[in-house]
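Student: Data: structure-v1.cif, mmCIF, C-alpha atoms.
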```
data_entry
loop_
_atom_site.label_atom_id
_atom_site.label_comp_id
_atom_site.auth_asym_id
_atom_site.auth_seq_id
_atom_site.Cartn_x
_atom_site.Cartn_y
_atom_site.Cartn_z
CA MET A 1 107.80 77.78 92.52
CA THR A 2 110.84 79.02 90.61
CA ASP A 3 114.07 78.65 92.47
CA VAL A 4 117.01 80.93 91.96
CA SER A 5 120.14 78.94 92.05
CA THR A 6 122.03 76.18 93.67
CA ALA A 7 125.15 77.21 95.45
CA ASP A 8 127.85 74.76 94.39
CA ASP A 9 130.04 75.53 97.39
CA GLY A 10 127.21 75.25 99.90
CA TYR A 11 127.16 78.97 100.63
CA PRO A 12 123.97 80.92 100.00
CA PRO A 13 123.79 83.03 96.82
CA GLY A 14 125.73 86.28 96.77
CA ASP A 15 128.61 87.73 98.70
CA PHE A 16 129.34 86.11 102.09
CA PHE A 17 129.21 89.46 103.89
CA ILE A 18 125.74 90.35 102.63
CA TRP A 19 124.52 87.35 104.63
CA ILE A 20 126.15 88.63 107.81
CA PHE A 21 124.43 91.94 107.07
CA ILE A 22 121.09 90.21 106.36
CA TYR A 23 121.18 88.26 109.62
CA ALA A 24 122.10 91.43 111.54
CA GLU A 25 119.23 93.31 109.90
CA LEU A 26 116.79 90.50 110.70
CA LEU A 27 117.93 90.64 114.31
CA VAL A 28 117.21 94.38 114.51
CA PHE A 29 113.79 93.98 112.92
CA GLY A 30 113.09 91.02 115.21
CA ILE A 31 113.74 93.18 118.27
CA PHE A 32 111.33 95.77 116.85
CA PHE A 33 108.65 93.10 116.27
CA LEU A 34 108.92 91.68 119.77
CA ALA A 35 109.00 95.13 121.37
CA TYR A 36 105.79 95.97 119.49
CA ALA A 37 104.09 92.68 120.43
CA PHE A 38 104.95 92.91 124.14
CA ALA A 39 104.10 96.63 124.32
CA ARG A 40 100.73 95.74 122.81
CA SER A 41 100.13 93.08 125.45
CA GLN A 42 100.29 95.87 128.06
CA ASN A 43 97.76 98.08 126.25
CA VAL A 44 95.57 95.95 123.99
CA GLU A 45 92.62 98.38 123.73
CA LEU A 46 94.80 101.29 122.60
CA PHE A 47 96.59 99.19 119.97
CA ASN A 48 93.35 97.66 118.64
CA GLU A 49 91.64 101.04 118.44
CA SER A 50 94.59 102.76 116.73
CA GLN A 51 95.07 99.86 114.31
CA LEU A 52 91.55 100.42 112.92
CA HIS A 53 92.75 103.70 111.37
CA LEU A 54 95.41 102.02 109.22
CA ASN A 55 94.84 101.36 105.54
CA ARG A 56 94.90 97.54 105.40
CA ILE A 57 94.18 97.41 101.66
CA SER A 58 97.21 99.58 100.96
CA GLY A 59 99.28 97.33 103.24
CA ALA A 60 98.04 94.19 101.44
CA ILE A 61 98.73 95.70 98.00
CA ASN A 62 102.23 96.53 99.18
CA THR A 63 102.69 92.91 100.31
CA LEU A 64 101.63 91.63 96.89
CA VAL A 65 103.87 94.23 95.21
CA LEU A 66 106.94 93.18 97.21
CA ILE A 67 106.33 89.44 96.73
CA THR A 68 105.92 89.95 92.97
CA SER A 69 108.96 92.20 92.87
CA SER A 70 110.96 89.52 94.69
CA TYR A 71 109.81 86.97 92.12
CA PHE A 72 111.00 89.26 89.30
CA VAL A 73 114.40 89.42 90.99
CA VAL A 74 114.43 85.59 91.09
CA ARG A 75 113.85 85.66 87.33
CA ALA A 76 116.67 88.17 86.90
CA VAL A 77 119.09 85.82 88.66
CA ALA A 78 117.84 82.90 86.54
CA ALA A 79 118.37 85.01 83.39
CA ILE A 80 121.98 85.92 84.20
CA ARG A 81 122.74 82.27 84.97
CA GLU A 82 121.79 81.66 81.34
CA ASN A 83 124.08 84.53 80.30
CA ARG A 84 121.14 86.70 79.23
CA SER A 85 122.24 90.09 80.53
CA SER A 86 119.59 92.09 78.72
CA LEU A 87 116.78 89.90 80.07
CA CYS A 88 118.31 90.11 83.54
CA SER A 89 118.29 93.92 83.46
CA ASN A 90 114.69 93.91 82.18
CA TRP A 91 113.54 91.74 85.09
CA LEU A 92 115.40 94.01 87.49
CA LEU A 93 113.76 97.07 85.94
CA ALA A 94 110.34 95.45 86.44
CA ALA A 95 111.23 94.74 90.08
CA ILE A 96 112.35 98.35 90.61
CA LEU A 97 109.13 99.68 89.04
CA LEU A 98 107.09 97.57 91.45
CA ALA A 99 109.23 98.81 94.32
CA SER A 100 108.31 102.33 93.19
CA VAL A 101 104.65 101.41 93.61
CA PHE A 102 105.44 100.39 97.20
CA ILE A 103 107.21 103.70 97.81
CA ILE A 104 104.32 105.75 96.38
CA LEU A 105 101.66 103.88 98.40
CA LYS A 106 103.68 104.03 101.60
CA ALA A 107 104.54 107.70 101.12
CA TYR A 108 100.83 108.42 100.66
CA GLU A 109 100.09 106.50 103.84
CA PHE A 110 102.68 108.56 105.73
CA TYR A 111 101.24 111.76 104.26
CA SER A 112 97.68 110.81 105.25
CA THR A 113 98.78 109.92 108.75
CA TYR A 114 100.63 113.22 109.09
CA ALA A 115 97.65 115.14 107.64
CA ASP A 116 95.46 113.58 110.35
CA GLY A 117 97.75 115.17 112.92
CA ILE A 118 99.29 111.85 113.95
CA THR A 119 102.95 111.84 114.93
CA LEU A 120 105.39 109.59 116.77
CA SER A 121 104.21 111.11 120.05
CA THR A 122 100.50 110.53 119.47
CA ASN A 123 100.55 107.21 121.31
CA THR A 124 102.63 104.04 121.74
CA PHE A 125 100.98 102.27 118.81
CA TYR A 126 101.78 105.07 116.36
CA MET A 127 105.29 105.38 117.76
CA PHE A 128 105.87 101.74 116.79
CA TYR A 129 103.88 101.89 113.55
CA LEU A 130 105.65 104.98 112.22
CA SER A 131 109.14 104.00 113.31
CA MET A 132 108.94 100.36 112.13
CA THR A 133 107.35 101.14 108.77
CA PHE A 134 109.67 104.12 108.15
CA PHE A 135 112.70 101.99 109.02
CA HIS A 136 111.50 99.39 106.54
CA PHE A 137 110.71 102.14 104.00
CA MET A 138 114.36 103.25 104.13
CA HIS A 139 115.42 99.65 103.49
CA VAL A 140 113.18 99.53 100.41
CA ILE A 141 114.85 102.70 99.12
CA LEU A 142 118.31 101.23 99.77
CA GLY A 143 117.22 98.02 98.02
CA MET A 144 116.06 100.04 95.01
CA VAL A 145 119.43 101.80 94.85
CA ILE A 146 121.23 98.43 94.96
CA LEU A 147 118.95 96.88 92.33
CA THR A 148 119.39 99.95 90.09
CA ALA A 149 123.18 99.70 90.33
CA VAL A 150 123.01 95.96 89.52
CA MET A 151 120.59 96.61 86.64
CA LEU A 152 122.84 99.26 85.08
CA LYS A 153 125.87 96.99 85.33
CA ALA A 154 123.90 94.08 83.85
CA LYS A 155 122.74 96.32 81.02
CA LYS A 156 126.37 97.12 80.17
CA GLY A 157 127.19 93.42 80.15
CA GLY A 158 129.03 93.59 83.45
CA TYR A 159 127.83 90.15 84.52
CA SER A 160 128.01 86.77 82.84
CA HIS A 161 127.00 83.18 83.64
CA ASP A 162 130.51 82.77 85.08
CA GLU A 163 130.42 85.83 87.33
CA TYR A 164 127.11 87.07 88.68
CA THR A 165 127.78 87.37 92.41
CA GLY A 166 126.65 91.01 92.34
CA VAL A 167 123.23 90.06 91.00
CA GLU A 168 122.80 87.41 93.68
CA THR A 169 123.99 89.79 96.40
CA GLY A 170 121.44 92.44 95.43
CA ALA A 171 118.76 89.76 95.09
CA SER A 172 119.42 88.35 98.56
CA TYR A 173 119.14 91.79 100.13
CA TRP A 174 115.89 92.44 98.28
CA HIS A 175 114.38 89.14 99.46
CA MET A 176 115.26 90.12 103.05
CA VAL A 177 113.32 93.38 102.60
CA ASP A 178 110.37 91.34 101.27
CA MET A 179 110.58 88.85 104.16
CA VAL A 180 110.52 91.60 106.79
CA TRP A 181 107.39 93.17 105.26
CA ILE A 182 105.66 89.76 105.17
CA ILE A 183 105.98 89.71 108.98
CA LEU A 184 105.32 93.42 109.48
CA PHE A 185 102.04 93.56 107.56
CA PRO A 186 100.00 91.04 109.59
CA LEU A 187 101.69 92.08 112.83
CA VAL A 188 100.86 95.78 112.62
CA TYR A 189 97.89 95.98 110.22
CA VAL A 190 95.86 92.84 110.88
CA ILE A 191 96.47 90.86 114.06
CA ARG A 192 94.22 92.08 116.88
CA MET B 1 101.99 83.39 98.93
CA ILE B 2 99.61 85.71 97.11
CA GLY B 3 96.66 83.53 98.21
CA LEU B 4 97.80 83.59 101.83
CA THR B 5 98.20 87.38 101.66
CA LEU B 6 94.62 87.72 100.41
CA VAL B 7 93.43 85.48 103.27
CA VAL B 8 95.28 87.73 105.75
CA LEU B 9 93.63 90.79 104.19
CA ALA B 10 90.19 89.15 104.35
CA VAL B 11 90.70 88.36 108.04
CA GLY B 12 91.73 91.96 108.65
CA GLN B 13 88.80 93.42 106.74
CA ALA B 14 86.39 91.15 108.62
CA GLY B 15 87.88 92.43 111.88
CA LEU B 16 88.44 88.90 113.13
CA GLY B 17 90.49 88.47 116.27
CA GLY B 18 91.11 85.98 119.04
CA ILE B 19 93.89 83.59 119.82
CA TRP B 20 93.01 81.01 117.13
CA VAL B 21 92.80 83.63 114.41
CA VAL B 22 96.14 85.02 115.58
CA ALA B 23 97.60 81.50 115.54
CA LEU B 24 96.37 80.98 111.96
CA LEU B 25 97.79 84.33 110.81
CA LEU B 26 101.13 83.64 112.45
CA LEU B 27 101.32 80.17 110.88
CA SER B 28 100.63 81.65 107.46
CA THR B 29 103.34 84.25 108.10
CA LEU B 30 105.78 81.51 109.09
CA LEU B 31 104.96 79.55 105.94
CA LYS B 32 105.34 82.56 103.63
CA THR B 33 108.64 83.69 105.11
CA GLN B 34 110.05 80.16 105.00
CA LEU B 35 109.06 79.94 101.33
CA VAL B 36 110.93 83.21 100.67
CA ALA B 37 113.99 81.82 102.47
CA ASP B 38 113.86 78.42 100.73
CA TYR B 39 113.06 79.37 97.15
CA PHE B 40 113.70 83.09 96.66
CA MET B 41 116.87 83.20 98.76
CA ALA B 42 117.66 79.64 97.62
CA LEU B 43 118.69 78.59 101.13
CA LYS B 44 117.14 75.18 100.48
CA TYR B 45 120.16 74.46 98.30
CA SER B 46 122.79 75.84 100.65
CA ARG B 47 124.45 74.14 103.60
CA PRO B 48 121.77 73.33 106.22
CA LEU B 49 123.25 75.78 108.76
CA TRP B 50 122.33 78.83 106.65
CA ARG B 51 118.73 77.68 106.38
CA ILE B 52 118.52 76.59 110.02
CA ILE B 53 119.55 80.07 111.21
CA ILE B 54 116.63 81.64 109.33
CA THR B 55 114.16 78.93 110.35
CA VAL B 56 115.10 79.18 114.03
CA TYR B 57 114.87 82.97 113.81
CA LEU B 58 111.41 82.82 112.22
CA VAL B 59 110.10 80.22 114.67
CA ILE B 60 111.37 82.22 117.67
CA ILE B 61 109.97 85.53 116.39
CA VAL B 62 106.57 84.08 115.46
CA SER B 63 106.31 82.09 118.72
CA MET B 64 107.23 85.11 120.84
CA ILE B 65 104.69 87.27 119.00
CA GLY B 66 102.10 84.54 119.67
CA LEU B 67 103.10 84.46 123.35
CA ALA B 68 102.76 88.25 123.61
CA TYR B 69 99.28 88.14 122.07
CA TRP B 70 98.25 85.31 124.39
CA LEU B 71 99.48 87.34 127.37
CA GLY B 72 97.49 90.35 126.12
CA ALA B 73 94.36 88.24 125.65
CA SER B 74 94.78 86.71 129.14
CA ASP B 75 94.99 90.18 130.70
CA ILE B 76 91.70 91.23 129.08
CA SER B 77 89.75 88.13 130.16
#
```
Do you think you could lay out the structure here as structure tokens?
Tutor:
Amino acid sequence: MTDVSTADDGYPPGDFFIWIFIYAELLVFGIFFLAYAFARSQNVELFNESQLHLNRISGAINTLVLITSSYFVVRAVAAIRENRSSLCSNWLLAAILLASVFIILKAYEFYSTYADGITLSTNTFYMFYLSMTFFHFMHVILGMVILTAVMLKAKKGGYSHDEYTGVETGASYWHMVDMVWIILFPLVYVIR
Amino acid sequence: MIGLTLVVLAVGQAGLGGIWVVALLLLSTLLKTQLVADYFMALKYSRPLWRIIITVYLVIIVSMIGLAYWLGASDIS
């Protein structure tokens, strides 16, 4: 597996404060995950029945899309470490395009759910499903905005092998978004 | 990670359930997320504390999810 970088000072890649933000975000998502799991333990039949209506293939494709996108971001960081700004921005563009696939698939899933008359108030399962996946969806959009800003700066030669903290900061955030979905997919779509 | 994701999908499509299947799925989730932390986030090369925070978080979350599913399964049987 390709690794991104080795932090010479022992700190993880990117700005220090993005890691405080990442840990805080993981905490929030963790509370969501546990609330879902324990709510399910009180109403297993309802959750199992409702889960059958989800599109698992779309969820799995989105998992593969995010993992691949994360890998492209790893390559972008590796490229800027070699002072190859243009290659870095190309890898970031590829990651953003894959993220767009995620957005399209997820938006279609939301549309289909809404078209079936399902809302947050339909039942407890859908309340969790819609709120957790929409919360994550908003993080994907924010991640795309960050990656786009980093890509544009890289394209203009704004980073070099001496200073690429911005690339690593955006990358770390994006990997967090990927990590959360890796937990969310089996939890909500598969485990029964 | 792609292989593990396909296994998870196959389990879902087959409609498999039960505590051992859940345990397998949660272990694969733990493995995948730790790989993301180690190699994508490069925490393997940072001071141990940064990696330990993520590992402890993942172990707690996955264990608690497993506990909740076990409690749900116990209530049914």
Student: Around (93.2, 91.5, 112.1) in the file's own coordinates, what residues are found within 6 Å if you use only C-alpha atoms, given back as a list in words?
Tutor: Val190, Ile191 and Arg192 of chain A; Val11, Gly12, Gly15, Leu16 and Gly17 of chain B
Student: Quick check on the file I pasted: which residues fall under the PyMOL selection byres ((chain A) within 8 of (chain B))? Write them as a PyMOL selection string.
Tutor: chain A and resi 1-7+9-13+30+33-34+37-38+40-44+56-57+60+63-64+67+70-71+74+171-172+175+179+182-183+186+189-192
Student: With all atoms listed in the file as the counted atoms, please give the residues lying no more than 10 Å from Ala79 in chain A, apart from itself and same-chain residues fewer than 5 positions off, as a PyMOL selection string.
Tutor: chain A and resi 4+73-74+84-91+160-161
Student: Quick one: of A:Val177, A:Ala115, A:Phe110, A:Ser58, who's nearest to Ser131 in chain A, counting all atoms listed in the file?
Tutor: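 Checking each candidate against Ser131 in chain A, we get A:Phe110 as the closest.
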Student: Quick one, how far is CA of Val150 in chain A from CA of Arg81 in chain A?
Tutor: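 CA of Val150 in chain A sits 14.4 Å away from CA of Arg81 in chain A.
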Student: One number please: CA of Gly143 in chain A to CA of Asn62 in chain A, in Å, one decimal.
Tutor: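 Distance between the two atoms: 15.1 Å.
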Student: For Ser100 in chain A, find every residue with an atom within 10 Å (counting all atoms listed in the file), except residues of its own chain fewer than 3 positions away, and show them as a list in words.
Tutor: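 Selected residues are Val65, Ala94, Ala95, Ile96, Leu97, Ile103, Ile104, Leu105, Lys106, Val140, Ile141 and Met144 of chain A.
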Student: Go ahead and write the selection's residues with C-alpha atoms as a PDB file, keeping the file's coordinate frame.
Tutor:
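Dumped everything to selection34.pdb:
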```
ATOM      1  CA  VAL A  65     103.870  94.230  95.210  1.00  0.00           C
ATOM      2  CA  ALA A  94     110.340  95.450  86.440  1.00  0.00           C
ATOM      3  CA  ALA A  95     111.230  94.740  90.080  1.00  0.00           C
ATOM      4  CA  ILE A  96     112.350  98.350  90.610  1.00  0.00           C
ATOM      5  CA  LEU A  97     109.130  99.680  89.040  1.00  0.00           C
ATOM      6  CA  ILE A 103     107.210 103.700  97.810  1.00  0.00           C
ATOM      7  CA  ILE A 104     104.320 105.750  96.380  1.00  0.00           C
ATOM      8  CA  LEU A 105     101.660 103.880  98.400  1.00  0.00           C
ATOM      9  CA  LYS A 106     103.680 104.030 101.600  1.00  0.00           C
ATOM     10  CA  VAL A 140     113.180  99.530 100.410  1.00  0.00           C
ATOM     11  CA  ILE A 141     114.850 102.700  99.120  1.00  0.00           C
ATOM     12  CA  MET A 144     116.060 100.040  95.010  1.00  0.00           C
TER      13      MET A 144
END
```
Student: Can you work out which one of A:Gln51, A:Val28, A:Phe16, A:Gly59 has the shortest atom-to-atom distance to Tyr108 in chain A, counting all atoms listed in the file?
Tutor: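 Under the stated criterion, the closest residue is A:Gly59.
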Student: Could you give me, as a PyMOL selection string, the residues within 12 Å of Phe32 in chain A, counting all atoms listed in the file and dropping anything in the same chain fewer than 6 positions from it?
Tutor: (chain A and resi 25-26+38-39+127-133+135-136+180+183-184+187-188) or (chain B and resi 61+65)
Student: Draw an axis-aligned box tight on the listed atoms of range 8-26 of chain B, then pad every side by 5 Å and write out centre and edge lengths in Å to one decimal as lines of an AutoDock Vina configuration file.
Tutor:
```
center_x = 93.8
center_y = 87.2
center_z = 112.0
size_x = 24.7
size_y = 22.4
size_z = 25.6
```
Student: Let me make sure I understand: among A:Thr119, A:Thr124, A:Ser112, A:Ser69, which one has the smallest atom-to-atom distance to Leu92 in chain A if we use all atoms listed in the file?
Tutor: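 Nearest to Leu92 in chain A: A:Ser69.
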Student: Quick one: pull the distance between CA of Gly14 in chain A and CA of Tyr173 in chain A, Å, one decimal.
Tutor: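 That distance, rounded to one decimal, is 9.2 Å.
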Student: Hey, which of A:Ala99, A:Leu52, A:Ala35, A:Ile61 ends up closest to Thr148 in chain A? Count all atoms listed in the file.
Tutor: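 Going through A:Ala99, A:Leu52, A:Ala35, A:Ile61 one by one, the smallest distance to Thr148 in chain A is for A:Ala99.
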Student: Using only C-alpha atoms, which of A:Gly166, A:Leu46, A:Tyr23, A:Phe17 sits nearest Thr122 in chain A?
Tutor: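 The closest residue to Thr122 in chain A is A:Leu46.
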